[in-house]
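Structure below is data-v7.cif: mmCIF, C-alpha atoms.
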```
data_input
loop_
_atom_site.label_atom_id
_atom_site.label_comp_id
_atom_site.auth_asym_id
_atom_site.auth_seq_id
_atom_site.Cartn_x
_atom_site.Cartn_y
_atom_site.Cartn_z
CA MET A 1149 15.11 -36.58 -0.22
CA SER A 1150 18.29 -34.49 0.05
CA ALA A 1151 17.56 -33.04 -3.42
CA HIS A 1152 14.16 -31.83 -2.15
CA ILE A 1153 15.76 -30.27 0.94
CA LYS A 1154 18.31 -28.57 -1.34
CA GLU A 1155 15.44 -27.06 -3.39
CA LEU A 1156 13.84 -25.80 -0.18
CA THR A 1157 16.93 -24.27 1.42
CA LYS A 1158 18.74 -22.81 -1.61
CA GLY A 1159 16.58 -19.64 -1.61
CA ILE A 1160 17.34 -18.83 2.01
CA PHE A 1161 21.09 -18.27 1.62
CA ARG A 1162 22.90 -19.79 -1.41
CA GLU A 1163 20.51 -18.32 -4.00
CA ASN A 1164 18.84 -15.67 -1.84
CA PRO A 1165 16.69 -13.59 -4.26
CA THR A 1166 17.56 -10.28 -2.60
CA PHE A 1167 21.22 -10.56 -1.60
CA ILE A 1168 22.59 -13.03 -4.18
CA ILE A 1169 20.35 -12.88 -7.29
CA MET A 1170 19.46 -9.18 -6.62
CA LEU A 1171 15.81 -9.47 -7.73
CA GLY A 1172 12.80 -7.51 -6.44
CA MET A 1173 14.86 -4.44 -5.53
CA CYS A 1174 12.02 -1.87 -5.85
CA PRO A 1175 9.79 -3.30 -3.10
CA THR A 1176 12.89 -4.20 -1.06
CA LEU A 1177 14.01 -0.58 -0.87
CA ALA A 1178 10.53 0.94 -0.69
CA VAL A 1179 8.69 -1.07 1.97
CA THR A 1180 11.51 -1.72 4.44
CA THR A 1181 10.80 1.40 6.50
CA GLN A 1182 8.87 -0.70 9.04
CA VAL A 1183 9.24 -4.36 10.06
CA ILE A 1184 5.49 -5.03 9.75
CA ASN A 1185 5.50 -3.76 6.14
CA ALA A 1186 8.45 -6.04 5.30
CA LEU A 1187 6.80 -9.07 6.91
CA SER A 1188 3.50 -8.36 5.12
CA MET A 1189 5.16 -7.87 1.73
CA GLY A 1190 7.14 -11.07 2.31
CA ALA A 1191 3.97 -12.98 3.22
CA GLY A 1192 2.21 -11.62 0.11
CA VAL A 1193 5.09 -12.60 -2.19
CA LEU A 1194 5.38 -16.04 -0.55
CA PHE A 1195 1.64 -16.69 -1.08
CA VAL A 1196 1.70 -15.58 -4.73
CA LEU A 1197 4.99 -17.37 -5.45
CA PHE A 1198 3.77 -20.65 -3.95
CA PHE A 1199 0.42 -20.78 -5.77
CA SER A 1200 1.72 -19.44 -9.09
CA ASN A 1201 4.66 -21.89 -9.09
CA VAL A 1202 2.33 -24.81 -8.31
CA MET A 1203 -0.22 -23.76 -10.97
CA ILE A 1204 2.43 -23.15 -13.65
CA SER A 1205 4.11 -26.45 -12.91
CA LEU A 1206 0.73 -28.23 -13.13
CA LEU A 1207 -0.11 -26.54 -16.44
CA LYS A 1208 3.37 -26.65 -18.01
CA ASN A 1209 2.36 -29.32 -20.55
CA VAL A 1210 -0.96 -27.63 -21.38
CA ILE A 1211 0.18 -24.03 -21.90
CA PRO A 1212 1.43 -23.47 -25.50
CA ASP A 1213 4.97 -22.10 -25.56
CA CYS A 1214 4.06 -19.06 -27.69
CA VAL A 1215 1.59 -17.71 -25.08
CA ARG A 1216 3.31 -18.87 -21.90
CA ILE A 1217 4.19 -15.37 -20.64
CA PRO A 1218 0.58 -14.00 -20.98
CA CYS A 1219 -0.66 -17.16 -19.23
CA TYR A 1220 1.87 -16.72 -16.39
CA VAL A 1221 0.89 -13.06 -16.01
CA VAL A 1222 -2.83 -13.95 -15.78
CA ILE A 1223 -2.11 -16.62 -13.14
CA ILE A 1224 0.23 -14.35 -11.13
CA ALA A 1225 -2.09 -11.31 -11.39
CA SER A 1226 -5.05 -13.39 -10.16
CA PHE A 1227 -3.19 -14.49 -7.03
CA VAL A 1228 -1.91 -10.94 -6.44
CA THR A 1229 -5.52 -9.65 -6.62
CA VAL A 1230 -6.54 -12.32 -4.10
CA VAL A 1231 -3.76 -11.15 -1.73
CA GLU A 1232 -4.80 -7.52 -2.26
CA MET A 1233 -8.44 -8.26 -1.38
CA ILE A 1234 -7.46 -10.29 1.69
CA PHE A 1235 -5.10 -7.55 2.98
CA HIS A 1236 -7.73 -4.85 2.28
CA ALA A 1237 -10.35 -6.79 4.25
CA PHE A 1238 -8.35 -8.15 7.17
CA VAL A 1239 -5.29 -5.89 7.65
CA PRO A 1240 -6.35 -2.49 6.22
CA SER A 1241 -3.48 -0.65 7.95
CA VAL A 1242 -0.93 -2.87 6.19
CA TYR A 1243 -2.88 -2.56 2.91
CA ASN A 1244 -2.65 1.25 3.14
CA ALA A 1245 1.03 1.18 4.16
CA LEU A 1246 2.07 -1.07 1.25
CA GLY A 1247 0.10 1.11 -1.20
CA VAL A 1248 1.07 0.67 -4.84
CA TYR A 1249 3.74 -1.96 -4.03
CA LEU A 1250 1.06 -4.56 -3.29
CA PRO A 1251 -0.46 -4.69 -6.82
CA LEU A 1252 3.08 -4.33 -8.19
CA ILE A 1253 3.86 -7.87 -6.93
CA VAL A 1254 2.50 -8.83 -10.38
CA VAL A 1255 5.68 -7.52 -11.99
CA ASN A 1256 8.01 -8.70 -9.21
CA CYS A 1257 11.00 -10.27 -11.01
CA ILE A 1258 11.27 -13.08 -8.43
CA ILE A 1259 7.81 -14.47 -9.25
CA LEU A 1260 8.00 -14.29 -13.05
CA GLY A 1261 11.66 -15.36 -12.83
CA ARG A 1262 10.89 -18.52 -10.84
CA ALA A 1263 7.93 -19.32 -13.13
CA GLU A 1264 10.09 -19.06 -16.24
CA ALA A 1265 13.34 -20.48 -14.86
CA PHE A 1266 12.04 -23.22 -12.57
CA ALA A 1267 8.30 -24.02 -12.39
CA ASN A 1268 7.81 -24.64 -16.12
CA LYS A 1269 10.63 -27.20 -16.18
CA ASN A 1270 10.22 -29.04 -12.87
CA SER A 1271 7.74 -31.18 -10.94
CA VAL A 1272 4.94 -29.72 -8.78
CA LEU A 1273 6.68 -30.78 -5.54
CA ASP A 1274 10.02 -29.24 -6.50
CA SER A 1275 8.26 -26.05 -7.70
CA ALA A 1276 6.37 -25.78 -4.41
CA LEU A 1277 9.59 -26.29 -2.40
CA ASP A 1278 11.43 -23.76 -4.58
CA ALA A 1279 8.62 -21.22 -3.97
CA ILE A 1280 8.66 -21.77 -0.20
CA GLY A 1281 12.47 -21.43 -0.09
CA MET A 1282 12.63 -18.35 -2.33
CA GLY A 1283 9.64 -16.70 -0.60
CA THR A 1284 11.15 -17.35 2.83
CA GLY A 1285 14.53 -16.04 1.68
CA PHE A 1286 12.88 -12.87 0.33
CA THR A 1287 10.86 -12.40 3.56
CA LEU A 1288 13.94 -12.91 5.77
CA ALA A 1289 15.99 -10.47 3.65
CA LEU A 1290 13.26 -7.81 3.77
CA THR A 1291 12.78 -8.30 7.52
CA LEU A 1292 16.54 -8.02 8.19
CA ILE A 1293 16.79 -4.77 6.19
CA ALA A 1294 13.63 -3.35 7.80
CA LEU A 1295 14.77 -4.33 11.29
CA ILE A 1296 18.10 -2.50 10.91
CA ARG A 1297 16.53 0.52 9.13
CA GLU A 1298 13.61 1.00 11.53
CA ALA A 1299 15.56 0.29 14.72
CA SER A 1300 18.45 2.63 13.85
CA GLY A 1301 16.56 5.24 11.81
CA ASN A 1302 13.46 5.61 13.95
CA GLY A 1303 14.33 3.94 17.27
CA THR A 1304 11.35 1.58 17.01
CA VAL A 1305 10.40 -1.89 15.80
CA THR A 1306 6.80 -2.00 14.54
CA LEU A 1307 4.95 -5.31 14.58
CA LEU A 1308 1.22 -6.07 14.17
CA GLY A 1309 -0.72 -4.53 17.07
CA ILE A 1310 -2.86 -6.96 19.08
CA GLY A 1311 -5.71 -5.73 21.33
CA ASP A 1312 -4.52 -2.79 23.45
CA TRP A 1313 -0.87 -3.25 22.40
CA ASN A 1314 -0.06 -1.02 19.42
CA GLY A 1315 2.76 -3.30 18.25
CA VAL A 1316 5.54 -0.71 18.63
CA ILE A 1317 8.72 -1.63 20.54
CA ASN A 1318 11.02 1.28 21.46
CA ILE A 1319 14.77 0.75 21.09
CA PRO A 1320 16.45 2.54 24.04
CA ILE A 1321 19.41 4.44 22.51
CA PHE A 1322 18.13 4.93 18.96
CA SER A 1323 14.71 6.24 20.09
CA LYS A 1324 16.59 9.20 21.61
CA TRP A 1325 19.28 9.60 18.94
CA PRO A 1326 17.98 8.05 15.69
CA VAL A 1327 20.27 7.78 12.64
CA LYS A 1328 17.76 9.58 10.39
CA VAL A 1329 19.47 8.70 7.10
CA MET A 1330 18.60 5.03 7.64
CA SER A 1331 14.88 5.70 7.28
CA LEU A 1332 15.49 7.57 3.99
CA ALA A 1333 16.12 6.09 0.53
CA ALA A 1334 19.87 6.81 0.81
CA GLY A 1335 20.05 4.73 4.00
CA ALA A 1336 18.28 1.84 2.28
CA LEU A 1337 20.84 1.85 -0.56
CA LEU A 1338 23.79 2.12 1.86
CA LEU A 1339 22.55 -0.75 3.98
CA MET A 1340 21.78 -2.87 0.91
CA GLY A 1341 25.39 -2.32 -0.26
CA TYR A 1342 26.88 -3.39 3.10
CA LEU A 1343 24.64 -6.47 3.33
CA LYS A 1344 25.43 -7.45 -0.28
CA ALA A 1345 29.17 -7.11 0.48
CA PHE A 1346 28.71 -9.32 3.57
CA PHE A 1347 26.86 -11.98 1.57
CA ILE A 1348 29.54 -11.96 -1.20
CA TRP A 1349 32.26 -12.38 1.44
CA LYS A 1350 30.31 -15.18 3.18
CA SER A 1351 29.73 -16.98 -0.17
CA SER A 1352 33.42 -16.71 -1.13
CA VAL A 1353 34.46 -18.17 2.25
CA SER A 1354 32.06 -21.12 1.71
CA VAL A 1355 33.43 -21.73 -1.83
CA LYS A 1356 37.05 -21.71 -0.54
CA LYS A 1357 36.12 -24.26 2.15
CA GLU A 1358 34.52 -26.51 -0.50
CA VAL A 1359 37.58 -26.26 -2.81
CA LYS A 1360 40.08 -27.19 -0.05
CA PRO A 1361 40.75 -30.97 0.06
CA MET B 735 -5.45 -23.72 -37.51
CA LYS B 736 -5.62 -26.38 -34.78
CA LYS B 737 -2.68 -24.69 -33.01
CA TYR B 738 -4.49 -21.33 -32.89
CA ILE B 739 -7.68 -22.93 -31.55
CA LYS B 740 -5.65 -24.56 -28.75
CA VAL B 741 -4.02 -21.22 -27.86
CA VAL B 742 -7.42 -19.50 -27.68
CA LEU B 743 -8.96 -22.32 -25.65
CA VAL B 744 -6.10 -22.43 -23.11
CA LEU B 745 -6.02 -18.66 -22.60
CA THR B 746 -9.82 -18.48 -22.31
CA SER B 747 -9.92 -21.36 -19.81
CA ILE B 748 -7.20 -19.83 -17.62
CA CYS B 749 -8.98 -16.46 -17.66
CA ALA B 750 -12.34 -18.10 -16.82
CA VAL B 751 -10.90 -20.03 -13.85
CA ALA B 752 -9.13 -16.86 -12.64
CA ALA B 753 -12.40 -14.89 -12.88
CA VAL B 754 -14.30 -17.51 -10.85
CA LEU B 755 -11.56 -17.56 -8.17
CA LEU B 756 -11.57 -13.75 -7.92
CA ALA B 757 -15.38 -13.63 -7.77
CA LEU B 758 -15.37 -16.13 -4.88
CA VAL B 759 -12.73 -14.21 -2.89
CA ASN B 760 -14.50 -10.92 -3.64
CA SER B 761 -17.81 -12.28 -2.36
CA VAL B 762 -16.12 -12.96 0.99
CA THR B 763 -13.99 -9.81 1.30
CA ALA B 764 -16.24 -7.11 -0.26
CA PRO B 765 -18.71 -6.88 2.69
CA ILE B 766 -15.81 -6.66 5.18
CA ILE B 767 -14.06 -3.94 3.11
CA SER B 768 -17.31 -1.98 2.81
CA LEU B 769 -17.83 -2.22 6.60
CA HIS B 770 -14.30 -0.87 7.23
CA GLU B 771 -14.93 2.01 4.81
CA GLU B 772 -18.22 2.90 6.54
CA GLU B 773 -16.49 2.85 9.95
CA ALA B 774 -13.67 5.07 8.64
CA ALA B 775 -16.21 7.51 7.14
CA MET B 776 -18.15 7.64 10.44
CA LYS B 777 -14.92 8.23 12.39
CA ALA B 778 -13.98 11.10 10.04
CA LEU B 779 -17.46 12.67 10.50
CA GLU B 780 -17.16 12.48 14.29
CA GLU B 781 -13.68 14.04 14.16
CA VAL B 782 -14.97 17.15 12.37
CA SER B 783 -18.38 17.40 14.09
CA CYS B 784 -17.03 19.82 16.75
CA GLY B 785 -18.94 17.91 19.44
CA MET B 786 -22.36 18.52 17.84
CA GLU B 787 -24.93 15.81 17.19
CA ILE B 788 -24.86 14.47 13.60
CA GLY B 789 -28.31 14.60 12.01
CA ASP B 790 -29.85 13.36 8.77
CA ARG B 791 -27.98 13.03 5.50
CA THR B 792 -29.09 14.93 2.39
CA ASP B 793 -27.72 13.86 -0.99
CA MET B 794 -26.72 16.49 -3.55
CA THR B 795 -27.17 15.33 -7.12
CA GLU B 796 -26.70 18.62 -8.95
CA SER B 797 -23.34 19.63 -7.39
CA GLU B 798 -19.99 18.35 -8.69
CA THR B 799 -18.10 19.26 -5.51
CA VAL B 800 -20.61 18.58 -2.71
CA ASN B 801 -21.71 14.94 -2.64
CA HIS B 802 -23.94 15.09 0.44
CA TYR B 803 -24.26 16.89 3.75
CA TYR B 804 -25.33 16.22 7.33
CA LYS B 805 -27.07 18.72 9.58
CA LEU B 806 -25.46 19.25 12.99
CA HIS B 807 -27.71 19.85 15.99
CA ILE B 808 -26.95 21.66 19.23
CA ALA B 809 -29.14 21.63 22.38
CA GLY B 810 -32.85 22.06 21.65
CA GLY B 811 -32.63 20.70 18.11
CA VAL B 812 -31.27 23.99 16.73
CA THR B 813 -29.08 23.67 13.59
CA GLY B 814 -25.53 24.39 14.76
CA GLY B 815 -23.81 23.70 11.46
CA TYR B 816 -23.28 21.26 8.63
CA ILE B 817 -20.78 18.56 7.70
CA LEU B 818 -20.21 18.38 3.95
CA ASP B 819 -18.74 15.50 1.99
CA LEU B 820 -16.63 17.19 -0.68
CA SER B 821 -14.73 16.09 -3.78
CA GLY B 822 -11.70 17.91 -5.16
CA LYS B 823 -9.00 17.30 -7.75
CA GLY B 824 -5.39 17.14 -6.61
CA TYR B 825 -2.15 16.28 -8.38
CA GLY B 826 -2.72 12.54 -7.96
CA GLY B 827 -6.40 12.61 -8.96
CA ALA B 828 -9.52 12.68 -6.80
CA LEU B 829 -9.43 14.11 -3.28
CA ALA B 830 -12.19 13.33 -0.75
CA LEU B 831 -12.76 15.68 2.17
CA VAL B 832 -15.19 16.16 5.03
CA ALA B 833 -15.63 19.71 6.32
CA CYS B 834 -17.71 21.27 9.09
CA TYR B 835 -19.22 24.77 8.68
CA ASP B 836 -21.34 27.00 10.92
CA PRO B 837 -24.75 28.04 9.47
CA ASN B 838 -23.14 31.21 8.01
CA GLY B 839 -20.59 29.25 5.96
CA LYS B 840 -17.58 29.72 8.27
CA LEU B 841 -15.27 26.69 8.17
CA LEU B 842 -14.93 25.08 11.61
CA ALA B 843 -12.96 21.90 10.82
CA ALA B 844 -11.85 19.87 7.79
CA LYS B 845 -10.11 16.59 7.08
CA ILE B 846 -8.92 14.77 3.97
CA VAL B 847 -10.32 11.23 4.01
CA SER B 848 -8.78 9.87 0.84
CA GLU B 849 -6.13 11.07 -1.60
CA ASN B 850 -3.40 9.86 -3.90
CA GLU B 851 -0.96 12.75 -3.57
CA THR B 852 2.83 12.55 -3.81
CA PRO B 853 4.49 11.44 -0.55
CA GLY B 854 6.48 14.28 1.00
CA VAL B 855 4.85 16.92 -1.26
CA GLY B 856 1.07 16.89 -1.76
CA LYS B 857 0.61 14.33 1.01
CA LYS B 858 1.52 17.08 3.50
CA ALA B 859 -2.13 18.14 3.15
CA THR B 860 -3.07 15.20 5.36
CA LEU B 861 -0.87 16.41 8.24
CA SER B 862 -2.36 18.18 11.23
CA GLY B 863 -2.05 21.94 10.83
CA TYR B 864 -2.53 22.02 7.05
CA MET B 865 -6.19 23.04 7.39
CA ASP B 866 -5.34 25.89 9.83
CA LYS B 867 -5.01 28.36 6.93
CA PHE B 868 -8.67 27.73 5.97
CA ILE B 869 -10.30 27.37 9.39
CA GLY B 870 -12.30 30.38 10.62
CA LYS B 871 -12.67 31.70 7.07
CA GLY B 872 -15.66 31.75 4.74
CA THR B 873 -17.62 34.71 6.18
CA GLN B 874 -15.68 37.92 6.98
CA PHE B 875 -12.58 36.63 5.17
CA PRO B 876 -13.00 34.39 2.11
CA ILE B 877 -11.49 30.91 2.02
CA PRO B 878 -8.13 31.38 0.21
CA THR B 879 -8.23 29.71 -3.21
CA ALA B 880 -4.98 31.19 -4.59
CA LYS B 881 -1.48 31.50 -3.15
CA ARG B 882 -1.67 35.33 -3.24
CA MET B 883 -4.44 35.13 -0.61
CA LEU B 884 -2.08 33.41 1.84
CA THR B 885 0.56 34.88 4.16
CA ASP B 886 4.18 34.45 3.02
CA GLU B 887 4.72 31.66 5.53
CA GLU B 888 1.59 29.80 4.39
CA ALA B 889 2.50 30.25 0.71
CA ILE B 890 5.95 28.72 1.33
CA ALA B 891 4.30 25.79 3.12
CA VAL B 892 2.15 24.92 0.08
CA SER B 893 4.87 25.64 -2.46
CA GLY B 894 5.54 22.63 -4.70
CA ALA B 895 2.05 21.30 -4.04
CA THR B 896 -0.05 24.00 -5.70
CA MET B 897 -2.46 21.57 -7.35
CA THR B 898 -3.21 19.90 -4.01
CA PHE B 899 -3.75 23.31 -2.38
CA THR B 900 -6.03 24.43 -5.22
CA GLY B 901 -8.03 21.19 -5.09
CA VAL B 902 -8.54 21.42 -1.33
CA SER B 903 -9.26 25.15 -1.24
CA LYS B 904 -11.74 25.16 -4.13
CA ALA B 905 -13.69 22.26 -2.58
CA LEU B 906 -13.79 24.04 0.81
CA ALA B 907 -14.86 27.34 -0.82
CA ALA B 908 -17.62 25.59 -2.77
CA GLY B 909 -18.79 23.99 0.47
CA SER B 910 -18.93 27.36 2.19
CA GLU B 911 -21.04 28.79 -0.64
CA LEU B 912 -23.46 25.88 -0.45
CA VAL B 913 -23.88 26.29 3.31
CA LYS B 914 -24.61 30.01 2.80
CA SER B 915 -27.29 29.11 0.24
CA LEU B 916 -28.95 26.78 2.76
CA GLY B 917 -29.49 29.72 5.12
CA GLY B 918 -29.53 27.57 8.27
CA LYS B 919 -32.40 25.39 7.06
#
```

As structure tokens:
Amino acid sequence: MSAHIKELTKGIFRENPTFIIMLGMCPTLAVTTQVINALSMGAGVLFVLFFSNVMISLLKNVIPDCVRIPCYVVIIASFVTVVEMIFHAFVPSVYNALGVYLPLIVVNCIILGRAEAFANKNSVLDSALDAIGMGTGFTLALTLIALIREASGNGTVTLLGIGDWNGVINIPIFSKWPVKVMSLAAGALLLMGYLKAFFIWKSSVSVKKEVKP
Amino acid sequence: MKKYIKVVLVLTSICAVAAVLLALVNSVTAPIISLHEEEAAMKALEEVSCGMEIGDRTDMTESETVNHYYKLHIAGGVTGGYILDLSGKGYGGALALVACYDPNGKLLAAKIVSENETPGVGKKATLSGYMDKFIGKGTQFPIPTAKRMLTDEEAIAVSGATMTFTGVSKALAAGSELVKSLGGK
């Protein structure tokens, strides 16, 4: 049981795909201008990662080794197209905002990486838990970056509008004096560097604690 | 030989299952997507109709730039203008515009409804104010289709996005010519 929990939680902090393994950097830097875009991209990746990991784990003994990568790409691309059609139909504003980064989930290193490194060697349950953990870790990382960037760079936090509410929350000080660089690409790289440094420091502290008798 | 047959069978089966899954999802989402697109097109027409009543649609099969047009009616059923659905070619490929003209071919309003231009460069054409350089032109003054026909300030504003400017301006100019040929009919 504890091994299953370990598979589920490792992606959130210990092996976080964004801050520790440093995968999926292009969408991370590109879509984190608004919190809603980060949450939607995270949800899309989580959906694709879960179903592709489960399918690849199920078919691992059927797929010949010499054509495993084309098979993985077909499976992943199919689920990405499903996500694309669902977003286009039900959340068109998010579909337009994510633009080219939505179909590019096909080549997201996290998904192909987990298929190759985990799903084709492990059971369906472990692969599903790995996908949920990694997808959640990616979503949380994107949301954290987007929250800091949007709040400080634009003075707002944009969520999904419901009914008459447009989904925009104004942040008192930053809405008057926004730190503009944070909403630009340079701000994304700066913030990513600081967060990476924080995660390295936090990991090293945890390792030291484990080493001490 | 057996190995190759297995490879072909596995790949074909995966592709077939994927195609069935996509067809099922498409059958659910396609009508909703099409409804959204129709609503967006209607909204764009209303935005450029200048408060006039939108009349019947006429399809244009022989024109490459003008896809179809709607007659606009003012009080008493008199033709007050036309809304044209136009196609242009920008830096990122096809541009779709809707533009409103008076019966003499003067541009009253225009809006880009779909594009794939570069963010921060060609995409500026979607911002409010971009169409100001074209509005009111088409009769006494021609619609500017080259940078030399713009004021210095306007030329600086489109600098770096010449292909987008050319695509938009040529479509609007072609629309004006078509409206003139209709002669208020």

Discussion item. Please return as a ChimeraX atom specification every residue within 8 Å of (-28.5, 33.4, 8.8), taking into account only C-alpha atoms and the file's own coordinates.
Written reply: /B:837-838,914,917-918

Per residue of chain A within 12 Å of chain B, what are the shortest atom pair and its distance in Å to one decimal, counting all atoms listed in the file, with rows by chain and residue number, as JSON lines?
```
{"residue": "A:Ser1200", "atom": "CA", "partner": "B:Ala752", "partner_atom": "CA", "distance": 11.7}
{"residue": "A:Met1203", "atom": "CA", "partner": "B:Ile748", "partner_atom": "CA", "distance": 10.4}
{"residue": "A:Ile1204", "atom": "CA", "partner": "B:Ile748", "partner_atom": "CA", "distance": 10.9}
{"residue": "A:Leu1207", "atom": "CA", "partner": "B:Ile748", "partner_atom": "CA", "distance": 9.8}
{"residue": "A:Lys1208", "atom": "CA", "partner": "B:Val744", "partner_atom": "CA", "distance": 11.6}
{"residue": "A:Asn1209", "atom": "CA", "partner": "B:Val744", "partner_atom": "CA", "distance": 11.2}
{"residue": "A:Val1210", "atom": "CA", "partner": "B:Val744", "partner_atom": "CA", "distance": 7.5}
{"residue": "A:Ile1211", "atom": "CA", "partner": "B:Val744", "partner_atom": "CA", "distance": 6.6}
{"residue": "A:Pro1212", "atom": "CA", "partner": "B:Val741", "partner_atom": "CA", "distance": 6.4}
{"residue": "A:Asp1213", "atom": "CA", "partner": "B:Val741", "partner_atom": "CA", "distance": 9.3}
{"residue": "A:Cys1214", "atom": "CA", "partner": "B:Val741", "partner_atom": "CA", "distance": 8.4}
{"residue": "A:Val1215", "atom": "CA", "partner": "B:Val741", "partner_atom": "CA", "distance": 7.2}
{"residue": "A:Arg1216", "atom": "CA", "partner": "B:Leu745", "partner_atom": "CA", "distance": 9.4}
{"residue": "A:Ile1217", "atom": "CA", "partner": "B:Leu745", "partner_atom": "CA", "distance": 10.9}
{"residue": "A:Pro1218", "atom": "CA", "partner": "B:Leu745", "partner_atom": "CA", "distance": 8.2}
{"residue": "A:Cys1219", "atom": "CA", "partner": "B:Leu745", "partner_atom": "CA", "distance": 6.5}
{"residue": "A:Tyr1220", "atom": "CA", "partner": "B:Ile748", "partner_atom": "CA", "distance": 9.7}
{"residue": "A:Val1221", "atom": "CA", "partner": "B:Cys749", "partner_atom": "CA", "distance": 10.6}
{"residue": "A:Val1222", "atom": "CA", "partner": "B:Cys749", "partner_atom": "CA", "distance": 6.9}
{"residue": "A:Ile1223", "atom": "CA", "partner": "B:Ala752", "partner_atom": "CA", "distance": 7.0}
{"residue": "A:Ile1224", "atom": "CA", "partner": "B:Ala752", "partner_atom": "CA", "distance": 9.8}
{"residue": "A:Ala1225", "atom": "CA", "partner": "B:Ala752", "partner_atom": "CA", "distance": 9.1}
{"residue": "A:Ser1226", "atom": "CA", "partner": "B:Ala752", "partner_atom": "CA", "distance": 5.9}
{"residue": "A:Phe1227", "atom": "CA", "partner": "B:Leu756", "partner_atom": "CA", "distance": 8.5}
{"residue": "A:Val1228", "atom": "CA", "partner": "B:Leu756", "partner_atom": "CA", "distance": 10.2}
{"residue": "A:Thr1229", "atom": "CA", "partner": "B:Leu756", "partner_atom": "CA", "distance": 7.4}
{"residue": "A:Val1230", "atom": "CA", "partner": "B:Leu756", "partner_atom": "CA", "distance": 6.5}
{"residue": "A:Val1231", "atom": "CA", "partner": "B:Val759", "partner_atom": "CA", "distance": 9.5}
{"residue": "A:Glu1232", "atom": "CA", "partner": "B:Thr763", "partner_atom": "CA", "distance": 10.1}
{"residue": "A:Met1233", "atom": "CA", "partner": "B:Thr763", "partner_atom": "CA", "distance": 6.4}
{"residue": "A:Ile1234", "atom": "CA", "partner": "B:Thr763", "partner_atom": "CA", "distance": 6.6}
{"residue": "A:Phe1235", "atom": "CA", "partner": "B:Thr763", "partner_atom": "CA", "distance": 9.3}
{"residue": "A:His1236", "atom": "CA", "partner": "B:Ile767", "partner_atom": "CA", "distance": 6.4}
{"residue": "A:Ala1237", "atom": "CA", "partner": "B:Ile767", "partner_atom": "CA", "distance": 4.8}
{"residue": "A:Phe1238", "atom": "CA", "partner": "B:Ile766", "partner_atom": "CA", "distance": 7.9}
{"residue": "A:Val1239", "atom": "CA", "partner": "B:Ile767", "partner_atom": "CA", "distance": 10.1}
{"residue": "A:Pro1240", "atom": "CA", "partner": "B:His770", "partner_atom": "CA", "distance": 8.2}
{"residue": "A:Ser1241", "atom": "CA", "partner": "B:His770", "partner_atom": "CA", "distance": 10.8}
{"residue": "A:Tyr1243", "atom": "CA", "partner": "B:Ile767", "partner_atom": "CA", "distance": 11.3}
{"residue": "A:Asn1244", "atom": "CA", "partner": "B:Ser848", "partner_atom": "CA", "distance": 10.8}
{"residue": "A:Ala1245", "atom": "CA", "partner": "B:Pro853", "partner_atom": "CA", "distance": 11.8}
{"residue": "A:Gly1247", "atom": "CA", "partner": "B:Asn850", "partner_atom": "CA", "distance": 9.8}
{"residue": "A:Val1248", "atom": "CA", "partner": "B:Asn850", "partner_atom": "CA", "distance": 10.3}
{"residue": "A:Leu1332", "atom": "CA", "partner": "B:Gly854", "partner_atom": "CA", "distance": 11.6}
```

Discussion item. What would the selection look like, as a ChimeraX atom specification, if the PyMOL selection byres ((chain B and resi 895-906) around 6) were run on the coordinates I just shared?
Written reply: /B:822-825,855-856,879,892-894,907-909

Spell out the residues picked by the PyMOL selection byres ((chain A and resi 1259-1264) around 8) here, as a PDB file with C-alpha atoms, keeping the file's coordinate frame.
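And here's result-v1.pdb as it stands now:
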```
ATOM      1  CA  VAL A1193       5.090 -12.600  -2.190  1.00  0.00           C
ATOM      2  CA  VAL A1196       1.700 -15.580  -4.730  1.00  0.00           C
ATOM      3  CA  LEU A1197       4.990 -17.370  -5.450  1.00  0.00           C
ATOM      4  CA  SER A1200       1.720 -19.440  -9.090  1.00  0.00           C
ATOM      5  CA  ASN A1201       4.660 -21.890  -9.090  1.00  0.00           C
ATOM      6  CA  ILE A1204       2.430 -23.150 -13.650  1.00  0.00           C
ATOM      7  CA  TYR A1220       1.870 -16.720 -16.390  1.00  0.00           C
ATOM      8  CA  VAL A1221       0.890 -13.060 -16.010  1.00  0.00           C
ATOM      9  CA  ILE A1224       0.230 -14.350 -11.130  1.00  0.00           C
ATOM     10  CA  VAL A1254       2.500  -8.830 -10.380  1.00  0.00           C
ATOM     11  CA  VAL A1255       5.680  -7.520 -11.990  1.00  0.00           C
ATOM     12  CA  ASN A1256       8.010  -8.700  -9.210  1.00  0.00           C
ATOM     13  CA  CYS A1257      11.000 -10.270 -11.010  1.00  0.00           C
ATOM     14  CA  ILE A1258      11.270 -13.080  -8.430  1.00  0.00           C
ATOM     15  CA  ALA A1265      13.340 -20.480 -14.860  1.00  0.00           C
ATOM     16  CA  PHE A1266      12.040 -23.220 -12.570  1.00  0.00           C
ATOM     17  CA  ALA A1267       8.300 -24.020 -12.390  1.00  0.00           C
ATOM     18  CA  ASN A1268       7.810 -24.640 -16.120  1.00  0.00           C
ATOM     19  CA  ALA A1279       8.620 -21.220  -3.970  1.00  0.00           C
TER      20      ALA A1279
END
```

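Going from CA of Gly785 (chain B) over to CA of Gly863 (chain B), you cover 19.4 Å.
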
Worksheet entry | Distance in Å - CA of Glu781 (chain B) versus CA of Gly814 (chain B) | 15.7 Å

Practice prompt. Record the distance separating CA of Gly839 (chain B) and CA of Thr873 (chain B), expressed in Å with one decimal.
Written response: 6.2 Å

Worksheet item: Near Phe1322 (chain A), within 10 Å and counting all atoms listed in the file, which residues show up once chain neighbours fewer than 5 positions away are dropped, as JSON, numbers by chain?
Response: {"A": [1298, 1299, 1300, 1301, 1302, 1303, 1304, 1327, 1328]}
